[in-house]
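Enquirer: Below is the structure I would like to discuss, written out as structure tokens.
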Amino acid sequence: MSKVLVVVETDGNAIKSASLPGITAGAQLAQQGGGELHLLVVGAGVGDAANAIGQAGYGAAGVHVADHADLAPFTTEAWTDVVVGAAKALGATALGGTATSTLRDVIPRAAALLDAPLASEVTAVTGSNAFRREMSAGRAVADFTASGSVVCFTARASDFEPATPADAAPVAAVDAGTPNKRGAEVVSIEKTQSARPALTEANVVVAGGRGMGSGENFKPLEELTDLLGGALGASRAATDAGMVPADLQVGQTGKVVAPNLYFAVAISGAIQHLAGMKGSKTIVAINKDPEAPIFQVADYGLVAKWEDTLPQLIEAVKAKKG
Amino acid sequence: MKILVTVKRIPDPDASVKFANGAVDTSSAKWVPNEFDQYAVETALRLAEDAKSKKRHAEIVVCSVCPAAQRQHITTFLAMGADRGVVVDADDTALDSQAVAKLIAGVFKKEGADLLVCGKLSQDTEGNEVGQRVAGLLDLPIASFAGGVTWDQDGKAMVVSREVDDGVETKKVPLPSVITCDLRVVLPQSVKNGVTPDDYTYNEGPRLASLRGITMAKRKKVEQLKPADLDVEAGSAISNTGVNPPPARAAGQIVESVEQLVEKLATEAKVL
Ligand SMILES: Cc1cc2nc3c(=O)[nH]c(=O)nc-3n(C[C@H](O)[C@H](O)[C@H](O)COP(=O)(O)OP(=O)(O)OC[C@H]3O[C@@H](n4cnc5c(N)ncnc54)[C@H](O)[C@@H]3O)c2cc1C
Ligand SMILES: Nc1ncnc2c1ncn2[C@@H]1O[C@H](COP(=O)(O)O)[C@@H](O)[C@H]1O
């Protein structure tokens, strides 16, 4: 029987919402294999969070807790030790979670130690060991199988619904061994402060590119973002130029988003940018160049300068919202 | 100090992807260096050199797993300034990431290197896993997704700013260790080595090979190994059952004005 172990991250006393799509992928994998879903909570002082996760259950047969002082702040060295320890102790046949920056660090290292294949950033689960994923900046879609006594996976957040609470699941400590940071040390963590929804979870994303010219010029984009209750995004050119923080980058190497509504303003539409947003339901492009490739994926294109259109757009949206 | 840098060949990412019989057809592909590995070599060069005097205080070895006959990308990196190459002769397109990682770990041990610098991602297969796997196999600490690197020569450690989901994390890893390079590691002031003045400004992006570099590259040594030399049985636990182009998006429309756009978003797309 298959036993799918999904690693979940916590934020203070609760599960991080970013972990929920990975649980859904794990549940699908368990269902395809006629097996059980188990959750692994990792951290220091995560007892309360684990209990809350147990209460919500999410369809899991059990919630396992690896709690140790050396597991916070996060280091992949220490986390991987207990993730591998737990996978072995529980006899997991599959191991994974959402493709967050944390698990994209941990799961490949765990896969190496388990001598296991990794189905990386999958967009669909199609069998008990079969998946779908994108390659070459979204220009190829691969269906594939991964075989081994343990199979690892990370799931792309934008392609799986967040898991929802179900029956409560039993919570217990797992004997996952002692973590070792191997001399690594977290010196500081600078979080990007924002009252806006997370880029990967927002219903609306308003993104700006190099054509915005400066960080100061992002002001009207931010106003539009907040009017729509959305998240701000950017192209690599805009983030590299320091107009906005790097973690707002959308694309092959940034965040992959699939909101209901995506605005691409002064973004040319390079293939690496498209890889991160072409799954959006409705795409609006505003660009002064009628030949810009972004128009090829846009549902609605407006050939104009942002300076001329954004003020009008903000007023029109305000009027619409009453 | 010896820095090992992993470098992969990929089909030209600016050319369209060709498909045949439910697979990507690379038979006529032009193979080029993976962009992230250009960043990795640039990072290694910035760590190894005094940008003012051009003196080197570390050796840079580039390593690729690829068919020996298709190692042009190694020559490119030697021309950029790497000192030597190691090619593990195997068809990388038939290997999974665990096999590639085992081979690279084998080369790292054989070389007795102090630092492994990898790209973050293969632009073609997009695994984002080889660096992390090698660190695991060698039981070494790792700083993945590096946007900035400072070599703490006294502390024998690398201090790395890592691009994570909600900001930037600074992590210190003692040598020997592994770094994987993200995009912003090649901005003008992202790498500091304690020798080049901290306020030195590099050109953005990986450096181009000079004419002299290209001539010199031909004389640099490239060692050729087989997987068996490293005691690795190279195969794949991943098997593609079909690779296809993505479904096309339905054609969109050009609107004439902001009023029209807002109207259509409200009534047609129903997203406002
Ligand atoms: C390995 C690799 C990975 C990459 N990953 C990513 C990624 O994850 N995400 C990403 O975005 N990019 C990525 N890139 C970069 C990508 O190739 C492009 O260089 C980048 O997306 C360009 O950003 P841009 O569209 O803002 O800038 P540009 O291509 O310079 O486009 C600017 C646009 O603004 C328009 N414009 C200018 N002024 C105005 C105005 N006043 N009003 C309206 N429009 C105006 C112009 O017509 C132009 O179309 C990656 C590249 C590489 C090599
Ligand atoms: N065949 C290979 N030869 C050398 N290095 C590789 C190879 N495959 C992957 N790498 C390295 O691992 C990094 C991450 O690749 P991947 O995990 O495939 O996305 C790349 O940027 C390279 O530095």
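Just so we're on the same page: first chain in the structure tokens is A, next is B, and so on; residues restart at 1 for each chain, and ligands are numbered from 1 in the order they show up.
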Write out as an MDAnalysis selection string all residues of region 12-256 of chain B that backbone DSSP assigns to helix (DSSP H, G or I).
Expert: chainID B and resid 35:48 68:70 72:80 92:94 97:111 130:138 183:186 211:217 227:230
Enquirer: So that I can check the surroundings of Asp299 (chain A), please list as a PyMOL selection string every protein, DNA and RNA residue that reaches within 8 Å of it, counting only C-alpha atoms and ignoring chain neighbours fewer than 3 positions away.
Expert: (chain A and resi 282-284+295) or (chain B and resi 250-253)
Enquirer: What residues in chain A lie within 7 Å of chain B, counting only C-alpha atoms, written as a PyMOL selection string?
Expert: chain A and resi 77+100-101+105+108-109+112-113+117+120+135-136+139-148+182-192+240+247+260-261+297-302+309+312-313+316
Enquirer: Hey, which residues sit close to ligand 1? Say within 9 Å, counting only C-alpha atoms and all ligand atoms, and write them as a PyMOL selection string.
Expert: (chain A and resi 137+208-213+234-239+249-256+264-276+286-294+303-309) or (chain B and resi 13+34-36+121-123+182-183)
Enquirer: For CA of Ala90 (chain B) and CA of Ala111 (chain A), quote the distance in Å rounded to one decimal.
Expert: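 Computing the Euclidean distance for CA of Ala90 (chain B) and CA of Ala111 (chain A) yields 22.0 Å.
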Enquirer: Going by DSSP on the backbone, which bits of region 135-202 of chain A are strand (DSSP E or B)? Write them as a list of chain:residue names, please.
Expert: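 Strand (DSSP E or B) members of region 135-202 of chain A, listed: A:Met135, A:Ala140, A:Val141, A:Ala142, A:Asp143, A:Phe144, A:Thr145, A:Ala146, A:Val151, A:Cys152, A:Phe153, A:Thr154, A:Ala155, A:Val171, A:Ala172, A:Ala173, A:Glu185, A:Val186, A:Val187, A:Ser188, A:Ile189, A:Glu190, A:Lys191.
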Enquirer: So, counting only C-alpha atoms and all ligand atoms, which residue among B:Glu59, B:Asp12, B:Asp89, B:Asp83 is closest to ligand 2?
Expert: B:Asp89
Enquirer: I'd like to know which of B:Leu103, B:Val65, B:Ala146, B:Leu225 is closest to ligand 2, using only C-alpha atoms and all ligand atoms.
Expert: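 Going through B:Leu103, B:Val65, B:Ala146, B:Leu225 one by one, the smallest distance to ligand 2 is for B:Val65.
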Enquirer: What's the 8 Å shell around Gly119 (chain B), counting only C-alpha atoms, without same-chain residues fewer than 5 positions away, as a list in words?
Expert: Thr6, Val7, Phe36, Asp37, Gln38, Tyr39, Ala40, Gly131, Thr180, Cys181 and Asp182 of chain B
Enquirer: Using all heavy atoms, can you write the selected residues to a file as an mmCIF file, in the first residue's frame?
Expert:
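This went into again_3.cif:
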```cif
data_model
loop_
_atom_site.group_PDB
_atom_site.id
_atom_site.type_symbol
_atom_site.label_atom_id
_atom_site.label_comp_id
_atom_site.auth_asym_id
_atom_site.auth_seq_id
_atom_site.Cartn_x
_atom_site.Cartn_y
_atom_site.Cartn_z
ATOM 1 N N THR B 6 29.749 23.432 -12.171
ATOM 2 C CA THR B 6 29.070 22.515 -13.084
ATOM 3 C C THR B 6 28.485 23.299 -14.247
ATOM 4 O O THR B 6 27.924 24.383 -14.065
ATOM 5 C CB THR B 6 27.938 21.754 -12.380
ATOM 6 O OG1 THR B 6 27.078 22.697 -11.741
ATOM 7 C CG2 THR B 6 28.490 20.795 -11.358
ATOM 8 N N VAL B 7 28.645 22.752 -15.424
ATOM 9 C CA VAL B 7 28.157 23.445 -16.625
ATOM 10 C C VAL B 7 27.438 22.442 -17.530
ATOM 11 O O VAL B 7 27.927 21.360 -17.798
ATOM 12 C CB VAL B 7 29.312 24.136 -17.383
ATOM 13 C CG1 VAL B 7 29.933 25.229 -16.514
ATOM 14 C CG2 VAL B 7 30.398 23.172 -17.818
ATOM 15 N N PHE B 36 22.296 29.756 -16.601
ATOM 16 C CA PHE B 36 22.617 29.798 -15.170
ATOM 17 C C PHE B 36 24.048 29.323 -14.898
ATOM 18 O O PHE B 36 24.646 29.694 -13.898
ATOM 19 C CB PHE B 36 21.622 28.964 -14.360
ATOM 20 C CG PHE B 36 20.284 29.637 -14.238
ATOM 21 C CD1 PHE B 36 19.258 29.327 -15.107
ATOM 22 C CD2 PHE B 36 20.062 30.608 -13.276
ATOM 23 C CE1 PHE B 36 18.029 29.960 -15.013
ATOM 24 C CE2 PHE B 36 18.846 31.249 -13.169
ATOM 25 C CZ PHE B 36 17.822 30.926 -14.047
ATOM 26 N N ASP B 37 24.578 28.498 -15.790
ATOM 27 C CA ASP B 37 25.953 28.035 -15.603
ATOM 28 C C ASP B 37 26.949 29.103 -16.048
ATOM 29 O O ASP B 37 28.072 29.164 -15.539
ATOM 30 C CB ASP B 37 26.161 26.711 -16.327
ATOM 31 C CG ASP B 37 25.215 25.652 -15.787
ATOM 32 O OD1 ASP B 37 24.762 25.822 -14.639
ATOM 33 O OD2 ASP B 37 24.897 24.693 -16.505
ATOM 34 N N GLN B 38 26.525 29.971 -16.968
ATOM 35 C CA GLN B 38 27.358 31.139 -17.282
ATOM 36 C C GLN B 38 27.440 32.021 -16.035
ATOM 37 O O GLN B 38 28.486 32.579 -15.723
ATOM 38 C CB GLN B 38 26.763 31.925 -18.444
ATOM 39 C CG GLN B 38 26.609 31.074 -19.704
ATOM 40 C CD GLN B 38 26.112 31.890 -20.889
ATOM 41 O OE1 GLN B 38 26.465 33.029 -21.049
ATOM 42 N NE2 GLN B 38 25.279 31.278 -21.698
ATOM 43 N N TYR B 39 26.308 32.122 -15.322
ATOM 44 C CA TYR B 39 26.305 32.914 -14.088
ATOM 45 C C TYR B 39 27.196 32.237 -13.041
ATOM 46 O O TYR B 39 27.883 32.915 -12.268
ATOM 47 C CB TYR B 39 24.886 33.053 -13.522
ATOM 48 C CG TYR B 39 23.889 33.748 -14.435
ATOM 49 C CD1 TYR B 39 22.554 33.857 -14.082
ATOM 50 C CD2 TYR B 39 24.277 34.304 -15.652
ATOM 51 C CE1 TYR B 39 21.630 34.487 -14.897
ATOM 52 C CE2 TYR B 39 23.359 34.938 -16.483
ATOM 53 C CZ TYR B 39 22.035 35.013 -16.101
ATOM 54 O OH TYR B 39 21.122 35.632 -16.914
ATOM 55 N N ALA B 40 27.161 30.908 -13.015
ATOM 56 C CA ALA B 40 27.969 30.174 -12.033
ATOM 57 C C ALA B 40 29.460 30.378 -12.296
ATOM 58 O O ALA B 40 30.239 30.606 -11.369
ATOM 59 C CB ALA B 40 27.615 28.685 -12.073
ATOM 60 N N GLY B 131 22.206 20.646 -7.806
ATOM 61 C CA GLY B 131 23.076 21.203 -6.758
ATOM 62 C C GLY B 131 22.681 20.693 -5.377
ATOM 63 O O GLY B 131 23.536 20.283 -4.578
ATOM 64 N N THR B 180 24.224 27.363 -5.283
ATOM 65 C CA THR B 180 23.561 27.386 -6.593
ATOM 66 C C THR B 180 23.190 28.829 -6.919
ATOM 67 O O THR B 180 22.747 29.572 -6.048
ATOM 68 C CB THR B 180 22.310 26.475 -6.689
ATOM 69 O OG1 THR B 180 21.195 27.104 -6.043
ATOM 70 C CG2 THR B 180 22.548 25.101 -6.097
ATOM 71 N N CYS B 181 23.396 29.224 -8.187
ATOM 72 C CA CYS B 181 23.313 30.627 -8.582
ATOM 73 C C CYS B 181 21.977 31.004 -9.183
ATOM 74 O O CYS B 181 21.493 30.373 -10.120
ATOM 75 C CB CYS B 181 24.397 30.937 -9.615
ATOM 76 S SG CYS B 181 26.040 30.811 -8.915
ATOM 77 N N ASP B 182 21.391 32.070 -8.664
ATOM 78 C CA ASP B 182 20.168 32.650 -9.212
ATOM 79 C C ASP B 182 20.541 33.826 -10.126
ATOM 80 O O ASP B 182 21.715 34.166 -10.259
ATOM 81 C CB ASP B 182 19.259 33.095 -8.052
ATOM 82 C CG ASP B 182 17.799 32.921 -8.399
ATOM 83 O OD1 ASP B 182 17.435 33.147 -9.565
ATOM 84 O OD2 ASP B 182 17.009 32.562 -7.501
#
```
Enquirer: Name the residues in contact with region 218-233 of chain A at a cut-off of 8 Å, using only C-alpha atoms, excluding same-chain residues fewer than 5 positions from it; report them as an MDAnalysis selection string.
Expert: chainID A and resid 196:199 202:208 212 243 248:250 310:311 314 317:318
Enquirer: For the residues in that selection, give me all heavy atoms as a compact mmCIF listing (two decimals), in the first residue's frame.
Expert:
```
# COMPACT_ATOMS: atom_id res chain seq x y z
N ARG A 196 -0.47 43.16 1.05
CA ARG A 196 -1.22 42.56 -0.07
C ARG A 196 -1.22 41.04 0.01
O ARG A 196 -0.36 40.45 0.66
CB ARG A 196 -0.59 43.00 -1.39
CG ARG A 196 -0.56 44.50 -1.55
CD ARG A 196 -0.17 44.91 -2.96
NE ARG A 196 -0.18 46.35 -3.03
CZ ARG A 196 0.93 47.10 -3.05
NH1 ARG A 196 2.11 46.55 -3.05
NH2 ARG A 196 0.83 48.41 -3.07
N PRO A 197 -2.15 40.40 -0.69
CA PRO A 197 -2.13 38.93 -0.71
C PRO A 197 -0.84 38.42 -1.37
O PRO A 197 -0.21 39.16 -2.13
CB PRO A 197 -3.35 38.56 -1.55
CG PRO A 197 -3.78 39.80 -2.25
CD PRO A 197 -3.28 40.95 -1.46
N ALA A 198 -0.46 37.19 -1.07
CA ALA A 198 0.73 36.60 -1.67
C ALA A 198 0.52 36.49 -3.18
O ALA A 198 -0.57 36.20 -3.65
CB ALA A 198 1.01 35.24 -1.07
N LEU A 199 1.61 36.73 -3.89
CA LEU A 199 1.57 36.71 -5.36
C LEU A 199 0.93 35.43 -5.90
O LEU A 199 0.12 35.46 -6.83
CB LEU A 199 3.01 36.86 -5.86
CG LEU A 199 3.33 37.29 -7.27
CD1 LEU A 199 2.47 38.43 -7.75
CD2 LEU A 199 4.80 37.68 -7.35
N ALA A 202 -3.07 35.36 -5.05
CA ALA A 202 -3.97 36.48 -5.34
C ALA A 202 -4.89 36.18 -6.53
O ALA A 202 -4.53 35.44 -7.44
CB ALA A 202 -3.16 37.73 -5.63
N ASN A 203 -6.09 36.76 -6.51
CA ASN A 203 -7.03 36.62 -7.62
C ASN A 203 -6.69 37.56 -8.77
O ASN A 203 -7.08 37.33 -9.91
CB ASN A 203 -8.45 36.94 -7.16
CG ASN A 203 -9.08 35.76 -6.48
OD1 ASN A 203 -8.86 34.62 -6.91
ND2 ASN A 203 -9.82 36.00 -5.42
N VAL A 204 -6.01 38.64 -8.43
CA VAL A 204 -5.61 39.62 -9.44
C VAL A 204 -4.12 39.91 -9.25
O VAL A 204 -3.66 40.06 -8.13
CB VAL A 204 -6.40 40.94 -9.27
CG1 VAL A 204 -5.95 41.97 -10.31
CG2 VAL A 204 -7.90 40.70 -9.36
N VAL A 205 -3.38 39.93 -10.35
CA VAL A 205 -1.97 40.32 -10.29
C VAL A 205 -1.75 41.46 -11.28
O VAL A 205 -2.16 41.38 -12.44
CB VAL A 205 -1.03 39.14 -10.62
CG1 VAL A 205 0.43 39.63 -10.73
CG2 VAL A 205 -1.14 38.04 -9.56
N VAL A 206 -1.13 42.54 -10.80
CA VAL A 206 -0.80 43.68 -11.65
C VAL A 206 0.72 43.73 -11.73
O VAL A 206 1.38 43.93 -10.72
CB VAL A 206 -1.37 44.99 -11.05
CG1 VAL A 206 -0.97 46.18 -11.92
CG2 VAL A 206 -2.88 44.92 -10.90
N ALA A 207 1.26 43.50 -12.92
CA ALA A 207 2.71 43.41 -13.06
C ALA A 207 3.25 44.50 -13.96
O ALA A 207 2.64 44.85 -14.97
CB ALA A 207 3.10 42.03 -13.60
N GLY A 208 4.40 45.03 -13.59
CA GLY A 208 5.05 46.06 -14.39
C GLY A 208 6.42 45.60 -14.87
O GLY A 208 7.06 44.76 -14.24
N MET A 212 8.29 50.69 -17.23
CA MET A 212 7.81 51.58 -16.17
C MET A 212 8.88 52.62 -15.84
O MET A 212 8.56 53.68 -15.31
CB MET A 212 7.44 50.79 -14.91
CG MET A 212 6.27 49.83 -15.07
SD MET A 212 4.78 50.60 -15.74
CE MET A 212 4.35 51.77 -14.45
N MET A 243 13.65 48.21 -9.27
CA MET A 243 12.42 49.01 -9.18
C MET A 243 11.52 48.46 -8.08
O MET A 243 10.84 49.21 -7.38
CB MET A 243 11.65 48.97 -10.52
CG MET A 243 12.39 49.61 -11.69
SD MET A 243 11.38 49.55 -13.19
CE MET A 243 12.64 49.71 -14.44
N LEU A 248 9.13 39.68 -6.22
CA LEU A 248 7.92 39.96 -7.00
C LEU A 248 8.05 39.47 -8.44
O LEU A 248 7.12 39.58 -9.23
CB LEU A 248 7.63 41.47 -7.00
CG LEU A 248 7.31 42.11 -5.65
CD1 LEU A 248 6.77 43.52 -5.84
CD2 LEU A 248 6.29 41.28 -4.87
N GLN A 249 9.21 38.91 -8.78
CA GLN A 249 9.42 38.48 -10.17
C GLN A 249 8.51 37.32 -10.55
O GLN A 249 8.43 36.31 -9.86
CB GLN A 249 10.87 38.07 -10.37
CG GLN A 249 11.15 37.63 -11.81
CD GLN A 249 12.61 37.27 -12.00
OE1 GLN A 249 13.49 37.99 -11.58
NE2 GLN A 249 12.85 36.14 -12.63
N VAL A 250 7.84 37.48 -11.69
CA VAL A 250 6.99 36.43 -12.24
C VAL A 250 7.72 35.81 -13.42
O VAL A 250 8.29 36.52 -14.24
CB VAL A 250 5.65 37.04 -12.72
CG1 VAL A 250 4.83 36.01 -13.49
CG2 VAL A 250 4.86 37.60 -11.54
N LEU A 310 -2.88 54.50 -17.40
CA LEU A 310 -3.11 54.09 -16.01
C LEU A 310 -4.02 55.04 -15.23
O LEU A 310 -4.93 54.57 -14.54
CB LEU A 310 -1.78 53.88 -15.28
CG LEU A 310 -1.02 52.57 -15.60
CD1 LEU A 310 0.22 52.44 -14.73
CD2 LEU A 310 -1.91 51.35 -15.45
N PRO A 311 -3.83 56.38 -15.34
CA PRO A 311 -4.73 57.28 -14.59
C PRO A 311 -6.20 57.06 -14.99
O PRO A 311 -7.06 56.94 -14.13
CB PRO A 311 -4.25 58.68 -14.99
CG PRO A 311 -2.82 58.49 -15.42
CD PRO A 311 -2.77 57.12 -16.03
N ILE A 314 -7.46 53.68 -13.61
CA ILE A 314 -7.73 53.74 -12.17
C ILE A 314 -9.09 54.41 -11.94
O ILE A 314 -9.92 53.91 -11.17
CB ILE A 314 -6.59 54.49 -11.45
CG1 ILE A 314 -5.33 53.60 -11.43
CG2 ILE A 314 -6.99 54.89 -10.04
CD1 ILE A 314 -4.05 54.32 -11.06
N VAL A 317 -11.93 52.05 -13.06
CA VAL A 317 -12.16 50.94 -12.13
C VAL A 317 -12.84 51.45 -10.88
O VAL A 317 -13.78 50.82 -10.36
CB VAL A 317 -10.82 50.22 -11.78
CG1 VAL A 317 -11.02 49.22 -10.66
CG2 VAL A 317 -10.27 49.52 -13.01
N LYS A 318 -12.42 52.63 -10.41
CA LYS A 318 -13.07 53.24 -9.24
C LYS A 318 -14.56 53.44 -9.53
O LYS A 318 -15.41 53.10 -8.71
CB LYS A 318 -12.45 54.61 -8.94
CG LYS A 318 -11.23 54.55 -8.04
CD LYS A 318 -10.80 55.97 -7.66
CE LYS A 318 -9.45 55.95 -6.96
NZ LYS A 318 -8.78 57.26 -7.06
```
Enquirer: Report, in Å with one decimal, the straight-line distance from CA of Val32 (chain B) to CA of Asp229 (chain B).
Expert: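 Spanning CA of Val32 (chain B) to CA of Asp229 (chain B) is a straight-line distance of 26.5 Å.
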